[in-house]
file query01.txt (compact mmCIF, C-alpha atoms and all ligand atoms)
# COMPACT_ATOMS: atom_id res chain seq x y z
CA MET A 1 22.25 8.16 11.91
CA ASP A 2 22.00 4.74 10.30
CA VAL A 3 18.45 3.45 9.98
CA LEU A 4 17.59 -0.06 8.80
CA ILE A 5 14.22 -0.35 7.05
CA SER A 6 12.74 -3.83 6.69
CA GLY A 7 10.55 -4.00 3.54
CA ALA A 8 10.71 -2.15 0.22
CA GLY A 9 6.96 -1.71 -0.21
CA VAL A 10 5.25 1.68 -0.30
CA ALA A 11 6.03 2.46 3.34
CA GLY A 12 9.68 1.33 3.20
CA THR A 13 10.64 3.12 -0.01
CA ALA A 14 8.84 6.31 1.05
CA LEU A 15 10.56 6.27 4.44
CA ALA A 16 13.93 5.78 2.72
CA TYR A 17 13.17 8.87 0.61
CA TRP A 18 12.29 11.07 3.56
CA LEU A 19 15.10 9.87 5.80
CA ARG A 20 17.60 10.66 3.05
CA HIS A 21 15.96 14.04 2.56
CA HIS A 22 16.57 14.81 6.24
CA ASP A 23 20.21 13.60 6.09
CA PHE A 24 19.80 10.23 7.77
CA THR A 25 21.42 7.15 6.20
CA PRO A 26 18.77 4.54 5.46
CA THR A 27 19.45 0.96 4.36
CA VAL A 28 16.51 -1.09 3.05
CA VAL A 29 16.40 -4.87 3.31
CA GLU A 30 13.76 -6.58 1.18
CA ARG A 31 12.93 -10.26 1.32
CA ALA A 32 11.89 -10.47 -2.34
CA ALA A 33 14.47 -10.75 -5.07
CA ARG A 34 13.32 -7.48 -6.62
CA VAL A 35 11.62 -4.25 -5.63
CA ARG A 36 8.09 -3.31 -6.77
CA ALA A 37 6.74 -6.72 -7.74
CA GLY A 38 3.00 -7.02 -8.13
CA GLY A 39 -0.16 -5.54 -6.79
CA GLY A 40 -3.36 -3.92 -7.92
CA VAL A 41 -4.87 -0.47 -8.19
CA MET A 42 -4.62 1.69 -5.07
CA GLY A 43 -6.36 4.96 -4.21
CA LEU A 44 -4.55 8.07 -2.98
CA ARG A 45 -6.21 10.57 -0.65
CA GLY A 46 -5.47 14.28 -0.49
CA GLU A 47 -2.77 14.22 2.18
CA ALA A 48 -0.93 11.43 0.34
CA LEU A 49 -1.01 13.60 -2.79
CA ASP A 50 0.46 16.38 -0.70
CA VAL A 51 3.29 14.08 0.39
CA LEU A 52 3.94 13.07 -3.24
CA ASP A 53 3.90 16.74 -4.19
CA ARG A 54 6.57 17.45 -1.58
CA MET A 55 8.63 14.67 -3.21
CA ALA A 56 8.12 16.37 -6.61
CA LEU A 57 6.49 13.13 -7.78
CA LEU A 58 2.86 14.23 -7.98
CA GLU A 59 2.77 14.96 -11.69
CA ARG A 60 4.32 11.61 -12.54
CA VAL A 61 1.86 9.85 -10.25
CA GLU A 62 -1.03 11.65 -11.93
CA ALA A 63 0.31 10.69 -15.33
CA LEU A 64 0.38 7.04 -14.29
CA ASN A 65 -3.25 6.99 -13.08
CA PRO A 66 -4.39 3.70 -14.63
CA LEU A 67 -8.04 4.74 -14.79
CA MET A 68 -7.31 7.90 -16.77
CA GLY A 69 -6.79 6.25 -20.14
CA GLY A 70 -3.99 6.04 -22.62
CA ALA A 71 -3.57 9.80 -22.91
CA ALA A 72 -2.24 9.92 -19.39
CA LYS A 73 0.98 7.98 -19.77
CA ALA A 74 4.15 9.01 -18.04
CA ASP A 75 7.01 9.36 -20.47
CA GLY A 76 9.57 10.95 -18.22
CA GLY A 77 9.90 14.65 -18.77
CA ALA A 78 7.07 15.26 -21.22
CA ALA A 79 4.47 17.85 -20.24
CA PRO A 80 2.03 16.44 -17.71
CA PRO A 81 -1.45 15.75 -19.09
CA ALA A 82 -4.05 18.40 -18.33
CA VAL A 83 -6.26 16.07 -16.36
CA VAL A 84 -8.64 17.16 -13.66
CA PHE A 85 -9.16 14.31 -11.28
CA ALA A 86 -12.56 13.16 -10.26
CA GLY A 87 -12.57 10.97 -7.21
CA ASP A 88 -9.38 9.75 -5.64
CA PRO A 89 -6.50 9.42 -8.08
CA ARG A 90 -5.39 5.81 -8.43
CA ILE A 91 -2.08 4.17 -9.08
CA LEU A 92 -0.85 0.63 -9.53
CA ARG A 93 1.14 -0.53 -6.51
CA ALA A 94 4.09 -1.52 -8.69
CA ASP A 95 4.11 1.90 -10.45
CA LEU A 96 4.13 3.77 -7.14
CA ILE A 97 6.91 1.65 -5.65
CA GLY A 98 8.80 1.92 -8.94
CA LEU A 99 8.74 5.74 -8.70
CA LEU A 100 9.81 5.74 -5.05
CA HIS A 101 12.58 3.24 -5.72
CA GLU A 102 13.83 5.24 -8.69
CA ALA A 103 13.86 8.41 -6.56
CA THR A 104 16.00 6.74 -3.88
CA ARG A 105 18.14 4.04 -5.50
CA GLN A 106 21.16 6.31 -6.15
CA GLU A 107 21.49 7.33 -2.53
CA VAL A 108 20.02 4.45 -0.58
CA GLU A 109 21.46 0.97 -0.15
CA TYR A 110 18.90 -1.69 -1.08
CA VAL A 111 19.70 -5.24 0.05
CA LEU A 112 17.47 -7.64 -1.86
CA GLY A 113 16.68 -11.29 -1.14
CA ASP A 114 17.44 -11.04 2.57
CA SER A 115 15.59 -10.60 5.83
CA ILE A 116 16.32 -9.69 9.43
CA ALA A 117 17.01 -12.82 11.50
CA THR A 118 17.50 -11.31 14.99
CA LEU A 119 17.43 -7.87 16.61
CA GLU A 120 19.25 -7.00 19.81
CA GLN A 121 18.88 -3.51 21.28
CA ASP A 122 21.33 -1.86 23.67
CA ALA A 123 21.82 1.68 24.93
CA ASP A 124 23.49 2.90 21.72
CA GLY A 125 21.86 1.01 18.93
CA VAL A 126 20.56 -2.23 17.49
CA ARG A 127 22.65 -5.25 16.50
CA VAL A 128 20.99 -6.97 13.57
CA THR A 129 21.73 -10.37 12.12
CA PHE A 130 20.41 -11.33 8.70
CA GLU A 131 19.37 -14.62 7.15
CA ARG A 132 22.07 -14.25 4.50
CA GLY A 133 24.22 -11.14 5.00
CA ARG A 134 26.75 -10.41 7.74
CA PRO A 135 25.60 -8.86 11.07
CA ARG A 136 25.48 -5.04 11.24
CA ARG A 137 24.72 -2.29 13.73
CA PHE A 138 22.14 0.45 13.21
CA ASP A 139 20.94 3.36 15.32
CA LEU A 140 17.28 2.62 14.56
CA VAL A 141 15.21 -0.06 12.84
CA ALA A 142 11.88 0.57 11.06
CA GLY A 143 9.62 -2.39 10.31
CA ALA A 144 7.80 -1.65 7.04
CA ASP A 145 7.39 -5.29 6.13
CA GLY A 146 3.63 -5.39 5.66
CA LEU A 147 0.65 -7.08 7.28
CA HIS A 148 2.60 -10.21 8.25
CA SER A 149 5.55 -8.16 9.55
CA HIS A 150 8.52 -10.18 10.69
CA THR A 151 9.91 -7.18 12.59
CA ARG A 152 6.66 -6.92 14.56
CA SER A 153 6.83 -10.61 15.45
CA LEU A 154 10.46 -10.34 16.57
CA VAL A 155 9.99 -7.27 18.77
CA PHE A 156 6.33 -7.00 19.78
CA GLY A 157 4.91 -10.53 19.71
CA PRO A 158 3.02 -12.99 17.52
CA PRO A 159 0.43 -11.88 14.92
CA GLU A 160 -2.50 -13.29 16.93
CA ARG A 161 -2.05 -10.43 19.38
CA PHE A 162 -2.40 -7.67 16.78
CA VAL A 163 -3.97 -8.87 13.52
CA ARG A 164 -7.79 -8.67 13.33
CA HIS A 165 -9.34 -10.75 10.58
CA LEU A 166 -12.29 -9.03 8.84
CA GLY A 167 -13.74 -12.27 7.48
CA ILE A 168 -12.81 -11.61 3.84
CA TYR A 169 -10.03 -12.66 1.47
CA THR A 170 -8.92 -10.62 -1.53
CA ALA A 171 -7.28 -11.84 -4.74
CA THR A 172 -6.10 -9.56 -7.55
CA PHE A 173 -4.39 -10.35 -10.87
CA SER A 174 -3.98 -8.85 -14.28
CA LEU A 175 -6.00 -9.87 -17.31
CA PRO A 176 -4.95 -9.58 -20.93
CA GLY A 177 -6.07 -6.18 -22.24
CA HIS A 178 -8.58 -7.58 -24.71
CA LEU A 179 -10.52 -9.06 -21.80
CA GLY A 180 -11.09 -5.61 -20.33
CA LEU A 181 -14.42 -3.89 -20.30
CA SER A 182 -15.05 -4.08 -24.00
CA GLY A 183 -17.49 -6.93 -23.70
CA HIS A 184 -15.38 -10.01 -24.39
CA LEU A 185 -16.18 -11.43 -20.99
CA GLY A 186 -19.89 -10.96 -21.48
CA LEU A 187 -19.99 -8.39 -18.71
CA PRO A 188 -23.18 -6.58 -17.87
CA GLY A 189 -21.49 -3.31 -18.84
CA HIS A 190 -20.29 -0.42 -16.79
CA LEU A 191 -21.83 0.42 -13.49
CA GLY A 192 -23.88 3.15 -15.03
CA LEU A 193 -22.23 5.70 -12.83
CA PRO A 194 -21.56 9.04 -14.44
CA GLY A 195 -18.09 9.24 -15.92
CA HIS A 196 -17.29 12.33 -13.89
CA LEU A 197 -17.21 10.18 -10.77
CA GLY A 198 -14.03 8.72 -12.18
CA LEU A 199 -15.36 5.20 -11.83
CA SER A 200 -16.21 4.49 -15.45
CA GLY A 201 -13.38 1.99 -15.84
CA ILE A 202 -14.83 -0.33 -13.24
CA SER A 203 -17.29 -3.11 -13.81
CA ARG A 204 -18.93 -5.16 -11.11
CA LEU A 205 -20.03 -8.65 -11.98
CA PRO A 206 -23.45 -9.87 -10.89
CA SER A 207 -23.46 -10.34 -7.14
CA MET A 208 -22.95 -13.77 -5.60
CA PRO A 209 -23.72 -14.43 -1.94
CA GLY A 210 -20.56 -13.91 0.10
CA LYS A 211 -18.46 -13.19 -2.97
CA ALA A 212 -17.71 -10.28 -5.24
CA ALA A 213 -15.83 -9.85 -8.49
CA VAL A 214 -14.73 -6.56 -10.01
CA ILE A 215 -12.92 -5.88 -13.27
CA LEU A 216 -11.00 -2.68 -13.77
CA GLY A 217 -10.26 -1.69 -17.33
CA ILE A 218 -7.12 0.36 -17.12
CA ARG A 219 -5.27 2.65 -19.52
CA ASP A 220 -8.21 2.81 -21.93
CA ASP A 221 -8.75 -0.93 -21.68
CA ALA A 222 -5.24 -1.63 -22.91
CA GLU A 223 -4.90 -3.63 -19.70
CA ALA A 224 -7.34 -4.94 -17.13
CA ARG A 225 -7.25 -6.25 -13.58
CA ALA A 226 -9.60 -8.56 -11.78
CA GLU A 227 -10.35 -8.34 -8.07
CA LEU A 228 -12.08 -11.25 -6.36
CA TYR A 229 -13.38 -11.20 -2.79
CA PHE A 230 -14.92 -13.94 -0.70
CA THR A 231 -16.07 -14.20 2.88
CA SER A 232 -14.44 -16.89 4.99
CA CYS A 233 -13.30 -17.79 8.45
CA PRO A 234 -9.49 -17.75 8.83
CA LEU A 235 -7.82 -20.25 6.48
CA ALA A 236 -4.62 -22.19 7.09
CA TYR A 237 -2.33 -22.08 4.04
CA ASP A 238 1.22 -21.30 2.98
CA ARG A 239 1.28 -17.64 1.88
CA ASP A 240 4.33 -18.23 -0.30
CA ASP A 241 2.71 -21.11 -2.17
CA VAL A 242 1.06 -19.28 -5.07
CA ALA A 243 -0.39 -22.45 -6.60
CA GLN A 244 -2.09 -23.29 -3.31
CA CYS A 245 -3.50 -19.75 -2.99
CA LYS A 246 -4.89 -19.95 -6.54
CA ARG A 247 -6.51 -23.30 -5.74
CA ILE A 248 -8.23 -21.76 -2.70
CA VAL A 249 -9.70 -18.93 -4.80
CA ALA A 250 -10.69 -21.27 -7.64
CA GLY A 251 -12.43 -23.56 -5.14
CA ARG A 252 -14.45 -20.69 -3.70
CA PHE A 253 -15.66 -19.51 -7.10
CA ALA A 254 -16.17 -22.98 -8.62
CA GLY A 255 -19.64 -23.46 -10.00
CA GLU A 256 -20.28 -19.74 -10.60
CA GLY A 257 -21.41 -18.87 -14.11
CA GLY A 258 -21.03 -15.96 -16.51
CA PRO A 259 -17.48 -14.74 -16.92
CA ILE A 260 -16.19 -16.38 -13.71
CA PRO A 261 -14.82 -19.59 -15.31
CA ARG A 262 -12.92 -17.48 -17.83
CA LEU A 263 -11.58 -15.28 -15.02
CA LEU A 264 -10.41 -18.34 -13.12
CA ARG A 265 -8.59 -19.65 -16.20
CA GLU A 266 -6.82 -16.31 -16.52
CA MET A 267 -5.99 -16.38 -12.81
CA SER A 268 -4.28 -19.77 -13.20
CA ARG A 269 -1.94 -18.18 -15.78
CA ALA A 270 -1.48 -14.80 -14.05
CA GLN A 271 2.11 -13.94 -13.12
CA ASP A 272 1.22 -11.10 -10.75
CA PHE A 273 -1.34 -12.79 -8.54
CA PHE A 274 -1.89 -11.27 -5.09
CA PHE A 275 -3.87 -13.05 -2.40
CA ASP A 276 -4.23 -12.07 1.21
CA VAL A 277 -6.61 -11.83 4.08
CA ASN A 278 -8.48 -8.60 4.71
CA ALA A 279 -7.12 -7.84 8.13
CA GLN A 280 -6.25 -4.88 10.30
CA VAL A 281 -3.38 -4.37 12.69
CA GLU A 282 -4.27 -2.89 16.06
CA MET A 283 -1.46 -1.99 18.43
CA ASP A 284 -1.27 0.21 21.52
CA ARG A 285 2.23 1.34 20.56
CA TRP A 286 4.13 1.34 17.29
CA SER A 287 7.58 1.54 18.81
CA SER A 288 9.66 -0.32 21.35
CA GLY A 289 12.99 1.30 22.16
CA ARG A 290 14.81 1.88 18.88
CA VAL A 291 12.44 -0.16 16.75
CA VAL A 292 9.38 1.44 15.14
CA LEU A 293 6.65 0.10 12.84
CA LEU A 294 5.20 1.78 9.76
CA GLY A 295 2.47 1.05 7.18
CA ASP A 296 0.57 -2.24 7.26
CA ALA A 297 3.09 -3.67 9.73
CA GLY A 298 1.97 -1.31 12.49
CA PHE A 299 -1.48 -0.10 11.47
CA GLY A 300 -2.79 -2.03 8.44
CA ALA A 301 -6.31 -0.88 7.53
CA ALA A 302 -7.12 -3.75 5.05
CA PRO A 303 -7.52 -3.55 1.26
CA THR A 304 -11.24 -2.77 1.73
CA SER A 305 -10.24 0.62 3.19
CA GLY A 306 -8.70 1.74 -0.09
CA GLN A 307 -6.31 3.77 2.08
CA SER A 308 -3.34 1.50 2.76
CA ALA A 309 -0.97 3.14 0.30
CA SER A 310 -2.02 6.62 1.48
CA GLN A 311 -1.38 5.90 5.13
CA ALA A 312 1.99 4.33 4.29
CA LEU A 313 3.01 7.51 2.42
CA ILE A 314 1.69 9.87 5.10
CA GLY A 315 3.26 7.80 7.88
CA ALA A 316 6.68 7.80 6.20
CA TYR A 317 6.58 11.59 5.80
CA ILE A 318 5.60 12.13 9.43
CA LEU A 319 8.00 9.57 10.93
CA ALA A 320 11.04 10.93 9.10
CA GLY A 321 9.92 14.52 9.72
CA GLU A 322 9.53 13.99 13.46
CA LEU A 323 12.93 12.29 13.65
CA ALA A 324 14.46 15.32 11.94
CA LEU A 325 12.58 17.77 14.20
CA ALA A 326 13.79 15.90 17.29
CA GLY A 327 17.38 15.86 16.02
CA GLY A 328 17.30 12.05 15.90
CA GLU A 329 16.11 11.69 19.50
CA HIS A 330 13.95 8.67 18.80
CA THR A 331 11.83 8.56 21.97
CA THR A 332 10.48 12.08 21.36
CA ALA A 333 10.12 11.48 17.62
CA PHE A 334 8.28 8.16 17.89
CA ALA A 335 5.80 9.63 20.40
CA ALA A 336 5.09 12.60 18.12
CA TYR A 337 4.72 10.28 15.09
CA GLU A 338 2.04 8.32 16.94
CA ARG A 339 0.20 11.48 17.96
CA GLU A 340 0.13 12.78 14.39
CA MET A 341 -0.88 9.46 12.82
CA ARG A 342 -3.50 8.00 15.17
CA GLY A 343 -6.36 10.09 13.70
CA PHE A 344 -5.64 9.00 10.12
CA VAL A 345 -5.36 5.39 11.14
CA ALA A 346 -8.64 5.37 13.09
CA GLU A 347 -10.43 6.85 10.08
CA HIS A 348 -8.88 4.37 7.63
CA GLN A 349 -9.59 1.37 9.81
CA GLN A 350 -13.22 2.47 10.06
CA MET A 351 -13.34 2.67 6.24
CA GLY A 352 -11.77 -0.81 6.03
CA ARG A 353 -14.48 -2.29 8.26
CA GLU A 354 -17.25 -0.52 6.32
CA GLY A 355 -15.78 -1.77 3.03
CA ALA A 356 -15.79 -5.31 4.38
CA ASP A 357 -19.41 -4.92 5.50
CA ARG A 358 -20.41 -3.94 1.97
CA ILE A 359 -18.99 -7.19 0.64
CA PHE A 360 -20.89 -9.16 3.29
CA LEU A 361 -24.01 -7.33 2.12
CA GLY A 362 -23.26 -8.13 -1.51
CA ILE A 363 -22.26 -4.59 -2.53
CA PRO A 364 -18.65 -4.48 -3.73
CA PHE A 365 -17.01 -1.55 -2.05
CA ARG A 366 -15.89 0.05 -5.27
CA GLU A 367 -19.47 0.48 -6.39
CA ALA A 368 -20.06 3.19 -3.86
CA PRO A 369 -18.59 6.51 -4.96
CA ASP A 370 -15.59 7.26 -2.80
CA THR A 371 -16.59 8.87 0.44
CA ASN A 372 -13.76 11.31 0.08
CA THR A 373 -14.37 12.11 -3.58
CA ALA A 374 -12.70 15.40 -4.04
CA GLY A 375 -13.86 16.67 -7.43
CA SER A 376 -10.49 17.96 -8.52
CA ARG A 377 -6.93 18.10 -7.39
CA GLU A 378 -7.46 21.61 -6.09
CA THR A 379 -10.42 20.56 -3.99
CA ALA A 380 -8.47 17.52 -2.85
CA HIS A 381 -5.84 19.87 -1.50
CA ALA A 382 -8.50 22.02 0.14
CA HIS A 383 -9.79 18.92 1.95
CA LEU A 384 -6.41 18.24 3.48
CA VAL A 385 -5.76 17.75 7.11
CA ARG A 386 -2.72 19.99 7.04
CA LEU A 387 0.54 18.13 7.33
CA LYS A 388 3.39 19.82 9.16
CA ASP A 389 5.96 21.48 6.93
CA TYR A 390 8.78 19.04 7.48
CA ALA A 391 9.56 19.63 3.80
CA PRO A 392 8.41 22.37 1.42
CA SER A 393 5.44 21.85 -0.88
CA PHE A 394 5.91 22.24 -4.62
CA ALA A 395 2.24 23.17 -5.07
CA VAL A 396 2.64 26.48 -3.24
CA ARG A 397 5.59 27.33 -5.48
CA ARG A 398 3.78 26.51 -8.74
CA PRO A 399 1.78 29.24 -10.44
CA PRO A 400 -1.97 28.60 -10.14
C1 LIG B 501 3.14 -8.29 -3.69
C2 LIG B 501 2.06 -7.46 -3.05
C3 LIG B 501 0.91 -7.15 -3.77
C4 LIG B 501 -0.10 -6.40 -3.19
N1 LIG B 501 -1.24 -6.13 -3.91
C5 LIG B 501 -2.26 -5.45 -3.35
C6 LIG B 501 -3.48 -5.22 -4.06
O1 LIG B 501 -3.64 -5.66 -5.19
N2 LIG B 501 -4.46 -4.52 -3.44
C7 LIG B 501 -4.30 -4.03 -2.18
O2 LIG B 501 -5.21 -3.39 -1.65
N3 LIG B 501 -3.16 -4.22 -1.47
C8 LIG B 501 -2.14 -4.94 -2.02
N4 LIG B 501 -1.00 -5.17 -1.30
C9 LIG B 501 -0.87 -4.57 0.04
C10 LIG B 501 -0.51 -3.10 -0.14
O3 LIG B 501 0.64 -2.97 -0.92
C11 LIG B 501 -0.31 -2.43 1.22
O4 LIG B 501 -1.52 -2.56 1.96
C12 LIG B 501 -0.01 -0.93 1.17
O5 LIG B 501 0.63 -0.50 0.01
C13 LIG B 501 0.84 -0.51 2.39
O6 LIG B 501 2.16 -0.79 2.08
P1 LIG B 501 3.28 -1.38 3.04
O7 LIG B 501 4.55 -0.87 2.47
O8 LIG B 501 2.96 -1.11 4.46
O9 LIG B 501 3.18 -2.95 2.87
P2 LIG B 501 3.47 -3.90 1.58
O10 LIG B 501 3.08 -3.21 0.31
O11 LIG B 501 2.83 -5.18 1.91
O12 LIG B 501 5.06 -4.03 1.57
C14 LIG B 501 5.78 -4.80 2.50
C15 LIG B 501 7.12 -5.16 1.89
O13 LIG B 501 7.89 -5.87 2.87
C16 LIG B 501 8.46 -7.01 2.26
N5 LIG B 501 8.71 -8.01 3.30
C17 LIG B 501 7.85 -8.89 3.87
N6 LIG B 501 8.48 -9.62 4.78
C18 LIG B 501 9.76 -9.22 4.82
C19 LIG B 501 10.90 -9.59 5.57
N7 LIG B 501 10.84 -10.57 6.49
N8 LIG B 501 12.07 -8.95 5.35
C20 LIG B 501 12.16 -7.96 4.41
N9 LIG B 501 11.11 -7.56 3.66
C21 LIG B 501 9.93 -8.18 3.87
C22 LIG B 501 7.45 -7.43 1.21
O14 LIG B 501 8.05 -8.24 0.21
C23 LIG B 501 7.02 -6.07 0.67
O15 LIG B 501 7.87 -5.60 -0.33
C24 LIG B 501 0.04 -5.93 -1.85
C25 LIG B 501 1.21 -6.24 -1.11
C26 LIG B 501 2.21 -6.99 -1.69
C27 LIG B 501 3.46 -7.34 -0.88
call {"tool": "encode", "arguments": {"input": "query01.txt", "output": "structure tokens", "more": "lines below"}}
Ligand SMILES: Cc1cc2nc3c(=O)[nH]c(=O)nc-3n(C[C@H](O)[C@H](O)[C@H](O)COP(=O)(O)OP(=O)(O)OC[C@H]3O[C@@H](n4cnc5c(N)ncnc54)[C@H](O)[C@@H]3O)c2cc1C
result
Amino acid sequence: MDVLISGAGVAGTALAYWLRHHDFTPTVVERAARVRAGGGVMGLRGEALDVLDRMALLERVEALNPLMGGAAKADGGAAPPAVVFAGDPRILRADLIGLLHEATRQEVEYVLGDSIATLEQDADGVRVTFERGRPRRFDLVAGADGLHSHTRSLVFGPPERFVRHLGIYTATFSLPGHLGLSGHLGLPGHLGLPGHLGLSGISRLPSMPGKAAVILGIRDDAEARAELYFTSCPLAYDRDDVAQCKRIVAGRFAGEGGPIPRLLREMSRAQDFFFDVNAQVEMDRWSSGRVVLLGDAGFGAAPTSGQSASQALIGAYILAGELALAGGEHTTAFAAYEREMRGFVAEHQQMGREGADRIFLGIPFREAPDTNTAGSRETAHAHLVRLKDYAPSFAVRRPP
């Protein structure tokens, strides 16, 4: 079966992997000119680690954990570092998508710099026209095109019906390494949390009413990332206009002291700036006929949940697995996918709302030790909600 996936983010690349694994033929169309661009540090919960393990990617993901220091660098094939994770393992969005793209690019067609224009379903399939490419037919279409999903708008209706604004905007960007946690920004120091909580690379700047700033020193301070949050009613702006987005953030933080002016200067130069609203997607159904939604497009939990990448990975595994179990019969598969995923999504959306509340209260969400801190990879696995065995786990085959 031919499946068109809109979006080569975490959800889209992971779904391409699993569909290929189950002998479907996925094609990915991505609006951006290249795969993997941009993004900050994302957490990974136990079940997402299980999915990565089943892809044989877990060790490489662990080696890329940006908060684990320079010793934990992936160098393709070298022995994995003997790290025991404390708290949720983290990964940079671009690193995770890079791994998933690399694992699929030989066998999956990626069409870059294009987007679906129209979708027309009939009894046997979906006729798709593109903004640039020629029209094609597919058996199924999966919308994995993020919070502002174009597929969702085409098939289910406008964003106002599904996107719930949490009253906060998030900006992230990278800082030159020497501005990390080593004191050059005049930071108040680390959070004072014990290193074994795995949060020692994070520094929170003094709290400002309705705003929060966090700096993450990554890879032993060789690099650093800034995260800025501010509370606001919905803003009207052009999401693709980076200069305008930077002006909005700069305006909100203007007049703040300490390291903020320096951070804003770095933001104006940053090439990998990300800015978006903290919002959640609430839908009664994630499929309509032969079109199904995945990741932020269908059930975004907001950056304040810390779980968006995890639910994209888990959702891709379940969606492809259910399609395989149902022999491609999409009505049965999409219903089972929803049943399996709804519990995860409800939990993550709750975490997203609580994270947003902490910012309103002046406590950046990263200050609180992760609620699902697992202690070690082994314990993380023990905390799993067991995923169905659509694909074998490597962990059970590895010696203890
Ligand atoms: C550039 C970028 C940076 C991000 N940085 C952060 C961050 O720092 N912190 C954080 O918490 N979250 C960040 N996010 C959101 C985060 O990646 C997601 O919440 C999470 O990984 C779930 O992934 P997803 O695949 O559902 O959505 P996304 O990661 O948003 O991926 C969606 C993909 O669809 C593509 N797309 C959009 N519209 C179309 C279209 N019409 N046609 C084809 N493709 C389309 C996008 O370019 C993107 O590649 C970022 C998202 C993006 C796009």
call {"tool": "closest_residue", "arguments": {"input": "query01.txt", "among": "A:Ser115, A:Thr25, A:Ser268, A:Thr129", "to": "ligand LIG 501 (chain B)", "atoms": "all atoms listed in the file"}}
result
A:Ser115
call {"tool": "residues_around", "arguments": {"input": "query01.txt", "residues": "Thr172 in chain A", "least_positions_apart": "5", "cutoff": "9 Å", "atoms": "only C-alpha atoms", "output": "list in words"}}
result
Gly39, Gly40, Arg225, Ala226, Glu227, Leu228, Tyr229, Met267, Asp272, Phe273, Phe274 and Phe275 of chain A
call {"tool": "closest_residue", "arguments": {"input": "query01.txt", "among": "A:Ala144, A:Val155, A:Leu15, A:Ile260", "to": "ligand LIG 501 (chain B)", "atoms": "only C-alpha atoms and all ligand atoms"}}
result
A:Ala144
call {"tool": "residues_near_ligand", "arguments": {"input": "query01.txt", "ligand": "ligand LIG 501 (chain B)", "cutoff": "7 Å", "atoms": "only C-alpha atoms and all ligand atoms", "output": "PyMOL selection string"}}
result
chain A and resi 6-12+29-32+35-42+93+114-116+144-150+172+274+294-297+300+302-304+306+308-309+312
call {"tool": "atom_distance", "arguments": {"input": "query01.txt", "atom1": "CA of Glu322 in chain A", "atom2": "CA of Phe24 in chain A"}}
result
12.3 Å
call {"tool": "closest_residue", "arguments": {"input": "query01.txt", "among": "A:Ile97, A:Ala142, A:Phe360, A:Ala279", "to": "Gly210 in chain A", "atoms": "all atoms listed in the file"}}
result
A:Phe360
call {"tool": "closest_residue", "arguments": {"input": "query01.txt", "among": "A:Asp357, A:Tyr237, A:Lys388, A:Leu96", "to": "Leu319 in chain A", "atoms": "all atoms listed in the file"}}
result
A:Lys388
call {"tool": "atom_distance", "arguments": {"input": "query01.txt", "atom1": "CA of Gly355 in chain A", "atom2": "CA of Pro234 in chain A"}}
result
18.1 Å
call {"tool": "closest_residue", "arguments": {"input": "query01.txt", "among": "A:Ala212, A:Leu293, A:Leu140, A:Leu263", "to": "Asp2 in chain A", "atoms": "only C-alpha atoms"}}
result
A:Leu140
call {"tool": "atom_distance", "arguments": {"input": "query01.txt", "atom1": "CA of Tyr169 in chain A", "atom2": "CA of Cys245 in chain A"}}
result
10.6 Å
call {"tool": "residues_around", "arguments": {"input": "query01.txt", "residues": "Ser310 in chain A", "least_positions_apart": "5", "cutoff": "9 Å", "atoms": "all atoms listed in the file", "output": "number ranges by chain"}}
result
A: 10, 42-49, 315
call {"tool": "residues_around", "arguments": {"input": "query01.txt", "residues": "Val128 in chain A", "least_positions_apart": "2", "cutoff": "10 Å", "atoms": "all atoms listed in the file", "output": "MDAnalysis selection string"}}
result
chainID A and resid 4 116:121 125:126 130 134:138 141
call {"tool": "closest_residue", "arguments": {"input": "query01.txt", "among": "A:Val249, A:Ala333, A:Gly167, A:Val281", "to": "Gly321 in chain A", "atoms": "all atoms listed in the file"}}
result
A:Ala333
call {"tool": "axis_aligned_box", "arguments": {"input": "query01.txt", "around": "range 94-113 of chain A", "padding_each_side": "8 Å", "output": "JSON"}}
result
{"center_x": 12.8, "center_y": -1.4, "center_z": -5.2, "size_x": 33.4, "size_y": 35.7, "size_z": 26.5}
